[in-house]
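Q: I have a structure I would like to understand better, so I am pasting it below and will then ask my questions one at a time.
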Amino acid sequence: MKIIIVGGGTAGWLTAAIIAAQHNGHLPGAPELVLIESENVPTIGVGEGTWPTMRNTLSSIGLKECDVFKRCNAAFKQGGKFVNWVNGNNDYYYHPFTVPTGYGRIDLAPYLSDITNFATLTNFQQDVCEAGLAPRTLAEQEYQGSCNYGYHLDAAAFGVLLKEKCINDFGVTHIVDDVKRVAVSPNGEIMGLTLENQGEISGELYIDCSGMHSILLGKALNVPMVDVSAVLFNDRALAVQVPYPSDAAPLASHTIATAQNAGWIWDIGLTSRRGVGHVYSSRYLSDDEAESNLRRYIGDAMNTLTPRKIEFNSGYRAEFWKNNCVAVGMAAGFVEPLEATAIMLVELSARYIADNLIPDSAATRVIAKRFNEQMHYRWQRIIDFLKLHYMLTKRQEQYWKDHTNPETIPDSLKDDLAIWHCRGPRVEDFKSAYELFPAASYQYVIYGMGFKPEFEKQEYLYQRKNEVESILRRTQQLTTQLLQNLPPHREYIAKWLSQH
C-alpha cells in the first residue's frame, strides 16, 4: 500500500510518524509513506498545548522525552487554570490532568460543603501548579511522574523534529511541492495528484493534512463543513510570542486561560518564551478592541510585538473519511483552542488509520464508516465540553449572556445537565470507548464554575462520610508531601536536561 499525506506541520508529520512507527516502513510489504508539503503555505503553529496522551505517542514513535524538551523548548502542562470565567472578579478554577482521589470508587462531590473548591479538596495538582512546581522529581524516569501531565511545546520546532524522525528513521519520502490538480474518478475516488514541479503521483490511500484549505476532502471531494458557530461564537485569534524578562523567570506548568469581555486569552509557557493569544468573536469585538485587550494583558512587552491574526470558522466535516481519502487535523475540522483538543484528535485519527490499514476494499468501507461514526461522536462531545465552560458563567457582558441562552446549547448537553442537576457527572455517564474527556474533566469544570447539584434531595444515598473524610485527609497529606518534594518547574527542566 502506498499512502500519500498532503500537508506537513504537526498534523502531517505526526500522522506519518504514528503510522510509520507501527508498520515499520523498512520491512518488505510494509506501507510506503509519501508526505507532500508546500513551502508556500505556512503552518498555523499555535497548537502548543497537548493532552497526556502525547506521552504514550512520543514514546511509541521512539522519541526521547529529553530530546523533545531540548528541541522544542518544551515544558510540562499539568492542566488548565481558568481565570475570570465565573464572574470576572479575579475568580479562578483549575482543570487538572490528575483525577480526583478515589475516582471511580466513590464520588466525593456530594460530601463537600464548598463544591467550588472541588479541585483543591479532591486533588493535589492545583496546589502543585499554584506553587510553580514540576510534576516529578529527578529520581523519576522520563514519561513518568507523580502528577499526570502533557506538554507545552513549540509547534513549529515539533514539526521539524517529527519530520527528521520520519525521514531518517522511518523512511518516509518527503516531497516539497504544490498540488496543482487532484484527479477524481466518477465514483469519487482520488486517482492521483499532479504536482507543480514533479508531475503525477498516485497511491491507494490519501490523507488530507492540508489544514483549513482541505484541498483533498474539502475541495476535491466536496465534503462540506458542519458549522457550529451558533454554539461556539469565536472566529478570530491574535497571537504573539512574548519574551521572558529574564532567563530565570518563573515557568507556569499549566495553561492559563483568562476570560475577557468577548473571548479569552491563552498563556502558554515554554522554556524560551510565552505563547499568548486572544481568541474572540468578531460579532462582539473588533480586531482593534481585541488587540487592546491583549496589550492590557501583556503589558509593556507588547510594545515591541506585532500580533498575528488568525481567522477561522468553527466546525467539522460532514464526513472525515470518504472513499480513499481521510482528513486529519484542521482539514477535518477546527474549533477554538480551549482545552487543546486539536493535537489529541490528530493522535487518535492517526492511531485509528495505523490500526486499520487493511488491503481489502470491502473492509475499508466498513473501516471508513466506523471512523466517521467515532469522529462525529468525538466532535459532538468536544463541542459540548467547550460550551460547558461558557454556559454556566455569571458574567454580564452580552457575549457571555448569549452563551447562556438555551437556544445556543446543544440538546445533548442539555440532556446531560438535566441529570447532573440532580446528582452531578459520574464515571458511568462516560462509558463510550470514544470518550475524549472523563467524568473528572466535567466535574472540575462545572463545580469550578459554581454549578451545585441538588444532592440533598437524595441525601440518604450519601452515607460514606467517614470514608470520604479519610480520603480528603489523605489527599491533603499527599499535597503537603508533593509541595515539599517537587522542584520548581524551570529549575527541574534545567537540571534534568543537563544530565541528558
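Residue numbering restarts at 1 in every chain; chains get A, B, ... in the order shown in the C-alpha cells, and ligands count up from 1 in that same order.
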Do a neighbour search on region 396-407 of chain A at 9 Å with only C-alpha atoms, toss out local chain neighbours closer than 6 positions, and write the hits as number ranges by chain.

A: A: 87, 230-233, 261-263, 281, 283-284, 387, 390, 414

Q: Please dump the current selection as a CSV table (one decimal), in the first residue's frame; keep all heavy atoms.

A:
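Result went into selection.csv, see below:
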chain,number,residue,atom,x,y,z
A,87,ASN,N,-17.4,35.1,37.2
A,87,ASN,CA,-18.0,36.4,37.3
A,87,ASN,C,-17.1,37.6,37.0
A,87,ASN,O,-17.5,38.7,37.0
A,87,ASN,CB,-18.5,36.6,38.8
A,87,ASN,CG,-17.5,36.4,39.8
A,87,ASN,OD1,-16.3,36.8,39.7
A,87,ASN,ND2,-17.8,35.6,40.9
A,230,ALA,N,-23.1,28.8,15.9
A,230,ALA,CA,-24.2,29.2,16.7
A,230,ALA,C,-24.0,28.7,18.1
A,230,ALA,O,-24.7,29.2,19.0
A,230,ALA,CB,-25.5,28.6,16.1
A,231,VAL,N,-23.1,27.7,18.4
A,231,VAL,CA,-22.8,27.2,19.7
A,231,VAL,C,-21.6,27.8,20.3
A,231,VAL,O,-21.5,28.3,21.4
A,231,VAL,CB,-22.7,25.7,19.7
A,231,VAL,CG1,-22.4,25.1,21.0
A,231,VAL,CG2,-24.0,25.0,19.1
A,232,LEU,N,-20.5,27.8,19.5
A,232,LEU,CA,-19.2,28.4,19.9
A,232,LEU,C,-19.0,29.6,19.0
A,232,LEU,O,-18.8,29.5,17.8
A,232,LEU,CB,-18.1,27.3,19.7
A,232,LEU,CG,-18.3,26.1,20.5
A,232,LEU,CD1,-17.2,25.0,20.1
A,232,LEU,CD2,-18.2,26.4,22.0
A,233,PHE,N,-19.0,30.8,19.6
A,233,PHE,CA,-19.0,32.0,18.8
A,233,PHE,C,-17.7,32.5,18.3
A,233,PHE,O,-17.7,33.3,17.3
A,233,PHE,CB,-19.6,33.1,19.7
A,233,PHE,CG,-20.9,32.8,20.4
A,233,PHE,CD1,-21.3,33.5,21.5
A,233,PHE,CD2,-21.8,31.9,19.9
A,233,PHE,CE1,-22.5,33.3,22.1
A,233,PHE,CE2,-23.0,31.6,20.5
A,233,PHE,CZ,-23.4,32.3,21.6
A,261,ASN,N,-13.8,40.4,27.8
A,261,ASN,CA,-15.2,40.9,27.7
A,261,ASN,C,-15.9,40.1,26.5
A,261,ASN,O,-17.2,40.0,26.6
A,261,ASN,CB,-15.3,42.4,27.4
A,261,ASN,CG,-14.4,42.8,26.3
A,261,ASN,OD1,-13.4,42.2,25.9
A,261,ASN,ND2,-14.7,44.0,25.7
A,262,ALA,N,-15.2,39.6,25.6
A,262,ALA,CA,-15.8,38.9,24.5
A,262,ALA,C,-14.8,37.8,23.9
A,262,ALA,O,-14.5,37.8,22.8
A,262,ALA,CB,-16.3,39.8,23.4
A,263,GLY,N,-14.4,37.0,24.8
A,263,GLY,CA,-13.5,35.9,24.4
A,263,GLY,C,-12.5,35.6,25.6
A,263,GLY,O,-12.9,35.9,26.8
A,281,SER,N,-14.8,36.7,19.3
A,281,SER,CA,-15.8,36.6,18.3
A,281,SER,C,-15.9,38.0,17.6
A,281,SER,O,-16.1,39.0,18.3
A,281,SER,CB,-17.1,36.3,18.9
A,281,SER,OG,-18.2,36.5,18.0
A,283,ARG,N,-18.3,39.1,16.0
A,283,ARG,CA,-19.6,39.6,16.2
A,283,ARG,C,-19.7,40.5,17.4
A,283,ARG,O,-20.6,41.4,17.5
A,283,ARG,CB,-20.6,38.5,16.4
A,283,ARG,CG,-21.0,37.7,15.1
A,283,ARG,CD,-22.0,36.7,15.3
A,283,ARG,NE,-21.5,35.5,15.9
A,283,ARG,CZ,-22.2,34.5,16.5
A,283,ARG,NH1,-23.5,34.6,16.5
A,283,ARG,NH2,-21.6,33.4,17.0
A,284,TYR,N,-18.8,40.4,18.3
A,284,TYR,CA,-18.9,41.1,19.6
A,284,TYR,C,-17.7,42.1,19.8
A,284,TYR,O,-17.8,42.9,20.7
A,284,TYR,CB,-19.0,40.2,20.8
A,284,TYR,CG,-20.2,39.3,20.8
A,284,TYR,CD1,-20.2,38.1,20.1
A,284,TYR,CD2,-21.3,39.6,21.5
A,284,TYR,CE1,-21.3,37.2,20.1
A,284,TYR,CE2,-22.5,38.8,21.5
A,284,TYR,CZ,-22.4,37.6,20.8
A,284,TYR,OH,-23.5,36.8,20.8
A,387,LYS,N,-18.6,24.2,25.3
A,387,LYS,CA,-19.7,25.0,25.6
A,387,LYS,C,-20.0,25.1,27.1
A,387,LYS,O,-20.4,26.1,27.6
A,387,LYS,CB,-21.0,24.5,24.9
A,387,LYS,CG,-22.2,25.4,25.1
A,387,LYS,CD,-22.1,26.7,24.4
A,387,LYS,CE,-23.4,27.5,24.5
A,387,LYS,NZ,-23.2,28.8,23.8
A,390,TYR,N,-18.6,27.9,29.0
A,390,TYR,CA,-19.2,29.2,28.8
A,390,TYR,C,-20.6,29.4,29.4
A,390,TYR,O,-21.0,30.4,29.9
A,390,TYR,CB,-19.4,29.5,27.3
A,390,TYR,CG,-18.1,29.7,26.5
A,390,TYR,CD1,-17.5,28.7,25.9
A,390,TYR,CD2,-17.5,31.0,26.5
A,390,TYR,CE1,-16.3,28.9,25.2
A,390,TYR,CE2,-16.3,31.2,25.8
A,390,TYR,CZ,-15.7,30.2,25.1
A,390,TYR,OH,-14.5,30.4,24.5
A,414,LYS,N,-27.8,19.7,27.1
A,414,LYS,CA,-29.0,19.9,27.9
A,414,LYS,C,-29.4,18.6,28.6
A,414,LYS,O,-29.8,18.6,29.7
A,414,LYS,CB,-30.1,20.4,27.0
A,414,LYS,CG,-30.0,21.9,26.6
A,414,LYS,CD,-31.2,22.3,25.7
A,414,LYS,CE,-31.0,23.7,25.1
A,414,LYS,NZ,-32.1,24.0,24.2

Q: Need the shell around Ile310 (chain A): protein/DNA/RNA residues with any atom at most 9 Å away, counting only C-alpha atoms. Skip same-chain ones fewer than 4 positions apart. Format as an mmCIF file with N, CA, C and O atoms, in the first residue's frame?

A:
data_model
loop_
_atom_site.group_PDB
_atom_site.id
_atom_site.type_symbol
_atom_site.label_atom_id
_atom_site.label_comp_id
_atom_site.auth_asym_id
_atom_site.auth_seq_id
_atom_site.Cartn_x
_atom_site.Cartn_y
_atom_site.Cartn_z
ATOM 1 N N ILE A 44 -0.043 26.989 10.848
ATOM 2 C CA ILE A 44 -0.668 27.867 11.839
ATOM 3 C C ILE A 44 0.256 28.042 13.040
ATOM 4 O O ILE A 44 0.503 29.127 13.528
ATOM 5 N N ASP A 235 -14.314 33.268 16.338
ATOM 6 C CA ASP A 235 -13.881 33.050 14.958
ATOM 7 C C ASP A 235 -12.594 33.800 14.597
ATOM 8 O O ASP A 235 -12.221 33.875 13.438
ATOM 9 N N ARG A 236 -11.940 34.369 15.605
ATOM 10 C CA ARG A 236 -10.706 35.111 15.378
ATOM 11 C C ARG A 236 -9.717 34.814 16.498
ATOM 12 O O ARG A 236 -10.106 34.458 17.605
ATOM 13 N N ALA A 237 -8.442 35.029 16.194
ATOM 14 C CA ALA A 237 -7.415 34.966 17.236
ATOM 15 C C ALA A 237 -6.274 35.904 16.863
ATOM 16 O O ALA A 237 -5.936 36.052 15.681
ATOM 17 N N LEU A 238 -5.712 36.565 17.850
ATOM 18 C CA LEU A 238 -4.487 37.345 17.695
ATOM 19 C C LEU A 238 -3.418 36.669 18.536
ATOM 20 O O LEU A 238 -3.607 36.472 19.743
ATOM 21 N N ALA A 239 -2.297 36.291 17.926
ATOM 22 C CA ALA A 239 -1.263 35.521 18.618
ATOM 23 C C ALA A 239 0.072 36.250 18.599
ATOM 24 O O ALA A 239 0.447 36.859 17.586
#

Q: For Phe170 (chain A), list every protein, DNA or RNA residue within 12 Å, evaluated using only C-alpha atoms, and leave out those in the same chain fewer than 5 positions away; present the list as a PyMOL selection string.

A: chain A and resi 13+16-27+30-34+61-62+162-165

Q: Would you please extract all strand (DSSP E) residues from region 32-180 of chain A, as assigned by DSSP on the backbone, and give them as a list of chain:residue names?

A: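 Strand (DSSP E) members of region 32-180 of chain A, listed: A:Glu32, A:Leu33, A:Val34, A:Leu35, A:Ile36, A:Glu37, A:Ala75, A:Phe76, A:Lys77, A:Gly79, A:Gly80, A:Lys81, A:Phe82, A:Val83, A:Tyr92, A:Tyr93, A:Tyr94, A:His95, A:Pro96, A:Gly150, A:Tyr151, A:His152, A:Thr173, A:His174, A:Ile175, A:Val176, A:Val179, A:Lys180.
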
Q: Give me the residues within 7 Å of Asn123 (chain A) as a compact mmCIF listing (two decimals) with all heavy atoms, in the first residue's frame, counting only C-alpha atoms and dropping any in the same chain fewer than 6 places off.

A:
# COMPACT_ATOMS: atom_id res chain seq x y z
N PRO A 100 -9.60 13.02 40.53
CA PRO A 100 -9.79 13.13 41.99
C PRO A 100 -9.40 11.84 42.72
O PRO A 100 -9.48 10.74 42.16
CB PRO A 100 -11.29 13.40 42.14
CG PRO A 100 -11.71 13.96 40.82
CD PRO A 100 -10.85 13.30 39.80
N THR A 101 -8.99 11.99 43.95
CA THR A 101 -8.70 10.83 44.79
C THR A 101 -9.97 9.98 44.94
O THR A 101 -11.06 10.51 45.13
CB THR A 101 -8.23 11.28 46.19
OG1 THR A 101 -7.22 12.28 46.03
CG2 THR A 101 -7.67 10.11 46.97
N THR A 475 -5.57 13.04 50.88
CA THR A 475 -5.26 13.96 49.78
C THR A 475 -4.45 15.15 50.29
O THR A 475 -3.47 15.57 49.64
CB THR A 475 -6.56 14.46 49.13
OG1 THR A 475 -7.32 13.34 48.66
CG2 THR A 475 -6.27 15.38 47.95

Q: If we count only C-alpha atoms, what is near region 204-219 of chain A at a cut-off of 7 Å, once residues fewer than 3 positions away on the same chain are taken out, given as a list of chain:residue names?

A: A:Met1, A:Lys2, A:Ile3, A:Ile4, A:Ile5, A:Val6, A:Gly7, A:Gly8, A:Ala11, A:Gly12, A:Asn222, A:Val223, A:Pro224, A:Asn324, A:Cys325, A:Val326, A:Ala327, A:Val328, A:Gly329, A:Met330, A:Ala331

Q: Residues within 10 Å of Phe451 (chain A), please, as an MDAnalysis selection string. Count only C-alpha atoms; anything in the same chain fewer than 6 positions from it doesn't count.

A: chainID A and resid 115:116 392:393 420:421 424 443 445

Q: From the list A:Tyr297, A:Phe69, A:Tyr460, A:Tyr92, which residue is nearest Arg490 (chain A) when using only C-alpha atoms?

A: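 The answer is A:Phe69, which sits nearest to Arg490 (chain A).
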
Q: How far is it from CA of Glu373 (chain A) to CA of Ala440 (chain A), in Å with one decimal?

A: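 Atom-to-atom, CA of Glu373 (chain A) and CA of Ala440 (chain A) are spaced 24.3 Å apart.
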
Q: List as a tab-separated table every residue of region 112-208 of chain A that is in contact with region 248-257 of chain A, defined as an atom at most 9 Å from one of its atoms (using only C-alpha atoms), together with the nearest atom pair and the distance in Å rounded to one decimal, sorted by chain and then rising number.

A:
residue	atom	partner	partner_atom	distance
A:Val128	CA	A:Ser253	CA	8.9
A:Cys129	CA	A:Ser253	CA	6.1
A:Glu130	CA	A:Ala252	CA	8.4
A:Gly132	CA	A:Ala252	CA	5.8
A:Leu133	CA	A:Ser253	CA	7.0
A:Ala134	CA	A:Ser253	CA	6.8
A:Pro135	CA	A:Ser253	CA	8.3
A:Tyr151	CA	A:Ser253	CA	8.7
A:His152	CA	A:Thr255	CA	8.2

Q: As a ChimeraX atom specification, please: all residues of region 270-372 of chain A that backbone DSSP puts in alpha helix (DSSP H).

A: /A:287-298,341-355,361-372

Q: Smallest atom-to-atom distance to Asn372 (chain A): which of A:Ala332, A:Met344, A:Leu338, A:Ile106, using only C-alpha atoms?

A: A:Ala332

Q: For CA of Ala301 (chain A) and CA of Gln260 (chain A), determine how far apart the two atoms are, in Å to one decimal place.

A: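 According to the coordinates, CA of Ala301 (chain A) and CA of Gln260 (chain A) are separated by 19.3 Å.
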